[in-house]
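Report on the structure given below.
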Amino acid sequence: MGATGTTGQDGEQAQELARARKARARKLRKRRTLRRNLRRQMDWRGRSVPPLGWFIAVLAVAYGAFYGSVDDPGDLGAAGLVVGLGGVAAGVGWGTLVVAAAPPLVAVPLITASIFVGALTVGPHVPGAVSAGIVGMVAGWMVGIELRWLLVGRRRPPEAPQLVDRSRPRRPAPINRSERTTLAFSGAAGAGLLVVPALLLVVPTPDVLPAWLVLVALALLWSVPTGWWSGTVQSRYAVGGAPFAAAQWGILFNVWGSAGVHGMPATLTAGMAGITLGFVARRLYEARVGRHPRQRPGSASTA
């Protein structure tokens, strides 16, 4: 009996030691994975900004100048085109410097924090410049990505993602029943984000209709192409990465910038609606014309 009990205890101890070794091995693998991912994120090489990214950058400069130059009696300080252009220039310069010098893991929190610092320090004196600078930073973000690519990425290009092969004919991409339901709900939600605010804001006070239309049109001009871009990224027609993230963040920056002209509710709902409607439109387009097949592993990029 004694020998049997000792053998059982030794077996339990061996099992506990084995479990402890496996637990240590799992922790070690997690640490190695975290360190590897951190090194990959800190190895910031930039990326060539596509034409749609430059279109967003142009919109950011134009919107920043518009928000900064609109004379709003509710603001505290000066307004005018000079203030708007000055704010845009400061935002573009700051965004370019931060994004070109630091990886997104560091640059994005730093840019976001600078918005609140600018609002607290400069905002009470020249709120128009702050509004312009917030939106202008998106253009600087794009310029910084391209500058980092020219300085670092071209010498050490990252791995090329597998996109679609445009040399091969398109294939049908029908919408199945579950996807049709999802797209229908998404389209209805996007339309609701435009209709419901209009009922709540415009119907009680019809005088705000022209301003509301302008703000909604500006927000849709930014967010619908971004939603379309999201659809192309999902279907492997385009690369996402830093430029796409800048366009998405830019919608939120546009909302913050429009706060100076009291347009935040309109730009927020219109921005959310535009992303949804742009994505739905891209999927409907692919269902109509088809999709190119994906590249074969090891083939050269033709997209």
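Chain lettering (A, B, ...) mirrors the order of the structure tokens, residue numbering begins at 1 for each chain separately, and ligand numbering begins at 1 in order of display.
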Contacts between region 41-47 of chain A and region 99-172 of chain A, please, where a residue of region 99-172 of chain A counts if it comes within 6 Å (with only C-alpha atoms); show its shortest atom pair and distance in Å to one decimal, rows by chain and ascending number, as a tab-separated table.
```
residue	atom	partner	partner_atom	distance
A:Pro103	CA	A:Trp44	CA	5.0
A:Ile145	CA	A:Gly46	CA	4.9
A:Arg148	CA	A:Gly46	CA	4.9
A:Trp149	CA	A:Gly46	CA	4.3
A:Val152	CA	A:Arg45	CA	5.4
A:Gly153	CA	A:Arg45	CA	4.4
```
Could you take the residues named above and write them with all heavy atoms, as a short mmCIF file (atom, residue, chain, number, x, y, z; two decimals), in the first residue's frame?
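Written file, selection-v2.cif:
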```cif
data_model
loop_
_atom_site.label_atom_id
_atom_site.label_comp_id
_atom_site.auth_asym_id
_atom_site.auth_seq_id
_atom_site.Cartn_x
_atom_site.Cartn_y
_atom_site.Cartn_z
N PRO A 103 6.17 55.73 -35.43
CA PRO A 103 5.22 54.73 -35.95
C PRO A 103 3.80 55.05 -35.49
O PRO A 103 3.60 55.78 -34.51
CB PRO A 103 5.72 53.41 -35.35
CG PRO A 103 6.48 53.81 -34.13
CD PRO A 103 7.10 55.14 -34.44
N ILE A 145 3.00 59.84 -44.09
CA ILE A 145 3.07 58.44 -44.54
C ILE A 145 3.90 58.34 -45.81
O ILE A 145 4.78 57.48 -45.94
CB ILE A 145 1.65 57.89 -44.75
CG1 ILE A 145 0.91 57.79 -43.43
CG2 ILE A 145 1.71 56.52 -45.43
CD1 ILE A 145 -0.56 57.47 -43.58
N ARG A 148 7.62 59.12 -45.10
CA ARG A 148 8.29 57.97 -44.46
C ARG A 148 8.58 56.87 -45.48
O ARG A 148 9.63 56.22 -45.44
CB ARG A 148 7.41 57.43 -43.34
CG ARG A 148 8.06 56.31 -42.53
CD ARG A 148 9.14 56.84 -41.62
NE ARG A 148 9.73 55.80 -40.81
CZ ARG A 148 10.60 56.01 -39.82
NH1 ARG A 148 10.95 57.25 -39.52
NH2 ARG A 148 11.10 55.00 -39.15
N TRP A 149 7.66 56.69 -46.41
CA TRP A 149 7.87 55.69 -47.45
C TRP A 149 9.06 56.08 -48.35
O TRP A 149 9.88 55.22 -48.72
CB TRP A 149 6.60 55.56 -48.29
CG TRP A 149 6.77 54.82 -49.57
CD1 TRP A 149 6.86 55.34 -50.82
CD2 TRP A 149 6.90 53.40 -49.74
NE1 TRP A 149 7.01 54.36 -51.76
CE2 TRP A 149 7.04 53.16 -51.12
CE3 TRP A 149 6.89 52.33 -48.86
CZ2 TRP A 149 7.18 51.87 -51.63
CZ3 TRP A 149 7.03 51.04 -49.37
CH2 TRP A 149 7.17 50.83 -50.73
N VAL A 152 12.36 55.71 -46.03
CA VAL A 152 12.68 54.41 -45.44
C VAL A 152 12.11 53.25 -46.24
O VAL A 152 12.81 52.28 -46.53
CB VAL A 152 12.18 54.33 -43.98
CG1 VAL A 152 12.50 52.96 -43.37
CG2 VAL A 152 12.77 55.45 -43.13
N GLY A 153 10.84 53.34 -46.58
CA GLY A 153 10.16 52.19 -47.16
C GLY A 153 10.68 51.76 -48.50
O GLY A 153 10.70 50.56 -48.82
#
```
Between region 256-289 of chain A and region 157-175 of chain A, at 8 Å or less, what are the per-residue closest atom pairs and their distances in Å? Count only C-alpha atoms, order by chain and rising residue number, and return it as a Markdown table.
```
| residue | atom | partner | partner_atom | distance |
| --- | --- | --- | --- | --- |
| A:Glu286 | CA | A:Ala173 | CA | 6.4 |
| A:Ala287 | CA | A:Ala173 | CA | 5.0 |
| A:Arg288 | CA | A:Ala173 | CA | 7.7 |
| A:Val289 | CA | A:Pro172 | CA | 7.3 |
```
Selected residues written out, C-alpha atoms, as an mmCIF file, in the first residue's frame:
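Below is the file result_13.cif, written as the result:
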```
data_model
loop_
_atom_site.group_PDB
_atom_site.id
_atom_site.type_symbol
_atom_site.label_atom_id
_atom_site.label_comp_id
_atom_site.auth_asym_id
_atom_site.auth_seq_id
_atom_site.Cartn_x
_atom_site.Cartn_y
_atom_site.Cartn_z
ATOM 1 C CA GLU A 286 -19.050 43.944 -57.296
ATOM 2 C CA ALA A 287 -22.222 41.867 -57.423
ATOM 3 C CA ARG A 288 -23.089 43.535 -60.722
ATOM 4 C CA VAL A 289 -19.734 43.444 -62.543
#
```
Determine, using only C-alpha atoms, which residues of region 35-135 of chain A have any atom at most 6 Å from an atom of region 244-264 of chain A, and tabulate each with its shortest atom pair and distance in Å to one decimal place, rows ordered by chain and then rising number, as JSON lines.
```
{"residue": "A:Ser131", "atom": "CA", "partner": "A:Gly257", "partner_atom": "CA", "distance": 4.3}
{"residue": "A:Ile134", "atom": "CA", "partner": "A:Gly257", "partner_atom": "CA", "distance": 5.6}
{"residue": "A:Val135", "atom": "CA", "partner": "A:Asn254", "partner_atom": "CA", "distance": 5.5}
```
Selection from above, all heavy atoms, as a CSV table (one decimal), in the first residue's frame, can you write it?
```csv
chain,number,residue,atom,x,y,z
A,131,SER,N,-9.9,74.6,-35.1
A,131,SER,CA,-10.8,73.8,-35.9
A,131,SER,C,-10.1,73.5,-37.2
A,131,SER,O,-10.2,72.4,-37.7
A,131,SER,CB,-12.1,74.5,-36.2
A,131,SER,OG,-12.8,74.8,-35.0
A,134,ILE,N,-7.2,70.9,-36.7
A,134,ILE,CA,-7.6,69.5,-36.4
A,134,ILE,C,-7.8,68.8,-37.7
A,134,ILE,O,-7.4,67.6,-37.9
A,134,ILE,CB,-8.9,69.5,-35.5
A,134,ILE,CG1,-8.5,70.0,-34.1
A,134,ILE,CG2,-9.5,68.1,-35.5
A,134,ILE,CD1,-9.8,70.2,-33.2
A,135,VAL,N,-8.5,69.4,-38.6
A,135,VAL,CA,-8.8,68.7,-39.9
A,135,VAL,C,-7.6,68.7,-40.8
A,135,VAL,O,-7.3,67.7,-41.5
A,135,VAL,CB,-10.0,69.4,-40.6
A,135,VAL,CG1,-10.4,68.6,-41.8
A,135,VAL,CG2,-11.2,69.6,-39.7
```
Taking only residues of region 115-188 of chain A that have an atom at most 12 Å from an atom of region 82-87 of chain A, what is each one's shortest atom pair and its distance in Å to one decimal, using only C-alpha atoms, in chain and number order, as CSV?
```
residue,atom,partner,partner_atom,distance
A:Gly118,CA,A:Gly87,CA,10.8
A:Val122,CA,A:Gly87,CA,10.5
A:Gly123,CA,A:Gly87,CA,11.0
A:His125,CA,A:Val83,CA,11.2
A:Val126,CA,A:Val83,CA,7.7
A:Pro127,CA,A:Val83,CA,9.1
A:Gly128,CA,A:Gly84,CA,6.2
A:Ala129,CA,A:Gly87,CA,4.1
A:Val130,CA,A:Gly87,CA,6.1
A:Ser131,CA,A:Gly87,CA,7.5
A:Ala132,CA,A:Gly87,CA,5.0
A:Gly133,CA,A:Gly87,CA,4.4
A:Ile134,CA,A:Gly87,CA,8.2
A:Val135,CA,A:Gly87,CA,9.2
A:Gly136,CA,A:Gly87,CA,7.6
A:Met137,CA,A:Gly87,CA,9.6
```
Let's have the selection written as a compact mmCIF listing (two decimals), in the first residue's frame, with N, CA and C atoms.
```
# COMPACT_ATOMS: atom_id res chain seq x y z
N GLY A 118 -4.24 71.60 -27.86
CA GLY A 118 -4.48 72.81 -28.63
C GLY A 118 -5.80 73.48 -28.28
N VAL A 122 -4.69 77.09 -27.16
CA VAL A 122 -4.91 78.06 -28.24
C VAL A 122 -6.39 78.31 -28.47
N GLY A 123 -7.21 77.31 -28.19
CA GLY A 123 -8.63 77.40 -28.48
C GLY A 123 -9.34 78.62 -27.94
N HIS A 125 -8.34 81.54 -27.59
CA HIS A 125 -7.91 82.77 -28.25
C HIS A 125 -8.26 82.76 -29.76
N VAL A 126 -7.94 81.68 -30.44
CA VAL A 126 -8.23 81.57 -31.88
C VAL A 126 -8.89 80.21 -32.15
N PRO A 127 -10.16 80.08 -31.83
CA PRO A 127 -10.83 78.78 -32.04
C PRO A 127 -10.89 78.37 -33.50
N GLY A 128 -10.96 79.36 -34.41
CA GLY A 128 -10.99 79.01 -35.82
C GLY A 128 -9.73 78.29 -36.26
N ALA A 129 -8.58 78.72 -35.75
CA ALA A 129 -7.32 78.07 -36.10
C ALA A 129 -7.27 76.64 -35.57
N VAL A 130 -7.83 76.42 -34.39
CA VAL A 130 -7.84 75.06 -33.83
C VAL A 130 -8.71 74.15 -34.68
N SER A 131 -9.90 74.62 -35.06
CA SER A 131 -10.77 73.81 -35.91
C SER A 131 -10.08 73.49 -37.24
N ALA A 132 -9.43 74.47 -37.82
CA ALA A 132 -8.73 74.23 -39.08
C ALA A 132 -7.56 73.28 -38.90
N GLY A 133 -6.83 73.44 -37.81
CA GLY A 133 -5.67 72.57 -37.58
C GLY A 133 -6.05 71.13 -37.34
N ILE A 134 -7.17 70.90 -36.66
CA ILE A 134 -7.60 69.52 -36.39
C ILE A 134 -7.83 68.76 -37.69
N VAL A 135 -8.55 69.38 -38.62
CA VAL A 135 -8.82 68.71 -39.89
C VAL A 135 -7.57 68.69 -40.77
N GLY A 136 -6.78 69.75 -40.71
CA GLY A 136 -5.57 69.79 -41.52
C GLY A 136 -4.55 68.72 -41.15
N MET A 137 -4.60 68.24 -39.89
CA MET A 137 -3.66 67.20 -39.49
C MET A 137 -3.85 65.92 -40.29
```
